Amino acid sequence: MTADTVGGVWTYTCELVRALAPFGVDVTIATMGREPTTAQRREADALPNARLVSSEFALEWMRDPWRDVDSAGEWLCGVARHLQPDIVHVNGYAHAGLRFDAPVVCVAHSCVCSWHRAVRGQAAPAEWNEYRRRVTMGLFSADRVVAPTHALARMVKAEYGAELDIRVIANGRDPDLWTTGPKEPFVLSAGRLWDEAKGLQMLDAAAARVSWPIYVAGPTEGPRGFDCISTGGVAMLGELDRESLAGWMSRAAIYALPARYEPFGLSVVEAALSGCALVLGRIDSLHEVWGDCAVYVRTDEPDALAAALDTLAQDPLRRRTLAAAARARALQLTPARMATSYHALYTELLGAATEVA
C-alpha cells in the first residue's frame with residue numbers, strides 16, 4: 001500500500017491498515033513525499049500487521065516531480081517483486097499504471113485538476129498536462145478505483161472520463177482516539193496553511209469580526225513548490241501531534257473548516273468525535289458527509305462566515321444540538337466499516353484473478 005507522509009493519506013492509511021488486521025491482512029506501507037517523522041514511525045511500529053518501507057521521492061502533485069515519480073515507480077516495482085503481494089493498493093494515480101503482477105486498487109483522495117476548478121474556478125493550466133496524462137493512465141489501468149465520497153467520484157469522472165467505474169468507500173476514524181470535554185469559548189480549525197482549498201484565508205479575514213478567538217493547527221511550512229498563507233487574525237498553534245490536537249478539539253466549542261475543496265475531511269470527523277459544533281464550507285462533499293449536522297457557509301464571503309460563527313457562539317443550545325448530531329454521524333464512520341468494504345473489494349479482485357488464471 002503506497003502512502004504519502006505529507007497529508008491526510010497517512011492518517012487514512014494507518015486507520016485502514018489497523019482495521020484490516022482482524023481480517024488477517026498483512027500490509028507493507030511504502031511511503032513517499034518525505035521521510036516519516038518520528039511520530040509517524042512510532043504510529044507505524046504500533047500497527048500489528050504492517051511493516052514500513054520509506055523514501056523521499058516527490059509526490060505527483062508537487063512541482064516538476066516526474067523524475068522522482070519514475071524513480072519511485074522503479075522502487076515500488078522492486079518492492080513488489082520481493083514481496084509478491086496479493087493486492088497492490090495505490091493511494092495516488094500515476095503508480096497505478098505500473099505493471100504489477102497483482103490486481104491494483106487505485107484510491108482517489110483528491111486531484112490537482114478538480115482542485116483547480118474548485119479553488120481557482122478554471123481548468124488546471126498547461127503546466128499540469130503531464131500530470132493529467134499520468135493520472136488518466138493510472139485510473140484506466142487500475143483494476144478498481146475507489147473514492148471516499150460520491151462528490152469526489154463525480155469530479156474525477158468529469159476531469160478524466162465519464163466512463164470510469166468508481167466505487168465509493170467512506171473513510172473512517174477511530175472514536176477511541178478522540179474525547180469530548182468541557183467546552184471553552186473558542187473556535188478551532190486545522191489544515192495545511194499552504195493549501196488554499198482549506199479556506200483558512202477566509203477564516204483569517206473573518207477573525208476580527210468574531211467575538212471568540214480562533215486557533216488554527218497545522219504545518220507552517222509547505223512542501224516543495226508550495227508557500228504558506230500568511231495569517232494575522234488567527235492564532236497559530238503550529239503542527240500538533242495527535243494527542244495535542246485531540247486535547248484542543250476536546251475543549252473547542254466550534255470547529256470551522258470553510259473549505260472550497262475538501263474531498264472528505266478527516267479533521268472534521270475528528271472534531272465531531274470530540275463534540276464540536278461544525279461550521280463548514282458549502283460544498284457538495286462536506287454536505288454529503290454531514291447533511292443537516294453542520295452549519296454551512298459560502299466559501300467566498302468572510303462576513304457571512306463571521307456572522308455564522310458569532311451567531312453560533314451566542315447560542316449554546318444550538319451548539320449542543322449540532323455537536324450531538326455531528327458526533328452521532330461521526331460514530332458511523334468507523335475504521336471497521338471502512339475495512340470491511342475494502343476487504344470485500346480485495347476478495348472480489350482475488351476471486352476474479354483466480355478465475356482468469
# chains A, B, ... in the order shown; residues from 1 in each chain; ligands from 1
call {"tool": "closest_atom_pairs", "arguments": {"of": "range 80-156 of chain A", "to": "range 274-286 of chain A", "cutoff": "10 Å", "atoms": "only C-alpha atoms", "output": "CSV"}}
result
residue,atom,partner,partner_atom,distance
A:Ala118,CA,A:Ile283,CA,9.3
A:Pro148,CA,A:Ser285,CA,9.3
A:Thr149,CA,A:Ser285,CA,6.4
A:His150,CA,A:Ser285,CA,7.4
A:Ala151,CA,A:Ser285,CA,5.0
A:Leu152,CA,A:Ser285,CA,6.9
A:Ala153,CA,A:Ser285,CA,9.9
call {"tool": "select_by_dssp", "arguments": {"residues": "range 38-219 of chain A", "states": "alpha helix (DSSP H)", "output": "PyMOL selection string"}}
result
chain A and resi 38-45+66-83+112-119+129-141+150-160+200-206
call {"tool": "residues_around", "arguments": {"residues": "Phe100 in chain A", "least_positions_apart": "2", "cutoff": "8 Å", "atoms": "only C-alpha atoms", "output": "ChimeraX atom specification"}}
result
/A:77,80,88,98,102-104
call {"tool": "residues_around", "arguments": {"residues": "range 126-129 of chain A", "least_positions_apart": "4", "cutoff": "10 Å", "atoms": "only C-alpha atoms", "output": "VMD selection string"}}
result
chain A and resid 61 63 to 64 112 to 113 133 to 135
call {"tool": "closest_residue", "arguments": {"among": "A:Gly138, A:Asp68, A:Arg99, A:Val53", "to": "Arg81 in chain A", "atoms": "only C-alpha atoms"}}
result
A:Arg99
call {"tool": "atom_distance", "arguments": {"atom1": "CA of Trp194 in chain A", "atom2": "CA of Glu243 in chain A"}}
result
23.0 Å
call {"tool": "residues_around", "arguments": {"residues": "Ala326 in chain A", "least_positions_apart": "3", "cutoff": "10 Å", "atoms": "only C-alpha atoms", "output": "list in words"}}
result
Val268, Val269, Ala271, Ala272, Leu273, Ser274, Gly275, Cys276, Ala277, Leu278, Val289, Trp290, Gly291, Asp292, Cys293, Ala294, Arg320, Thr321, Leu322, Ala323, Arg329, Ala330 and Leu331 of chain A
call {"tool": "atom_distance", "arguments": {"atom1": "CA of Trp212 in chain A", "atom2": "CA of Ala246 in chain A"}}
result
19.9 Å
call {"tool": "closest_residue", "arguments": {"among": "A:Glu270, A:Glu159, A:Asp176, A:Glu288", "to": "Leu188 in chain A", "atoms": "only C-alpha atoms"}}
result
A:Glu270
call {"tool": "residues_around", "arguments": {"residues": "range 343-346 of chain A", "least_positions_apart": "2", "cutoff": "9 Å", "atoms": "only C-alpha atoms", "output": "NGL selection string"}}
result
:A and (20 or 23 or 25 or 86-87 or 103 or 105 or 144 or 338-341 or 348-351)
call {"tool": "write_last_selection", "arguments": {"atoms": "C-alpha atoms", "output": "compact mmCIF listing (two decimals), in the first residue's frame"}}
result
# COMPACT_ATOMS: atom_id res chain seq x y z
CA LEU A 20 -7.64 -4.80 8.32
CA PHE A 23 -9.25 -9.97 8.54
CA VAL A 25 -4.44 -8.87 6.08
CA ASP A 86 -1.78 -10.45 -3.48
CA ILE A 87 -3.05 -6.86 -3.93
CA PRO A 103 -4.58 -6.65 -9.07
CA VAL A 105 -6.68 -0.76 -6.40
CA ARG A 144 -10.66 -0.93 -9.33
CA MET A 338 -14.17 1.09 6.02
CA ALA A 339 -12.01 -2.02 6.31
CA THR A 340 -14.96 -4.36 5.77
CA SER A 341 -15.66 -2.67 2.44
CA GLU A 348 -13.57 -9.74 -5.15
CA LEU A 349 -10.38 -8.90 -7.06
CA LEU A 350 -8.57 -12.03 -5.88
CA GLY A 351 -11.54 -14.15 -6.93
call {"tool": "residues_around", "arguments": {"residues": "Gly247 in chain A", "least_positions_apart": "4", "cutoff": "12 Å", "atoms": "only C-alpha atoms", "output": "number ranges by chain"}}
result
A: 177-184, 188, 217, 240-243, 251-252, 270-271, 274-275
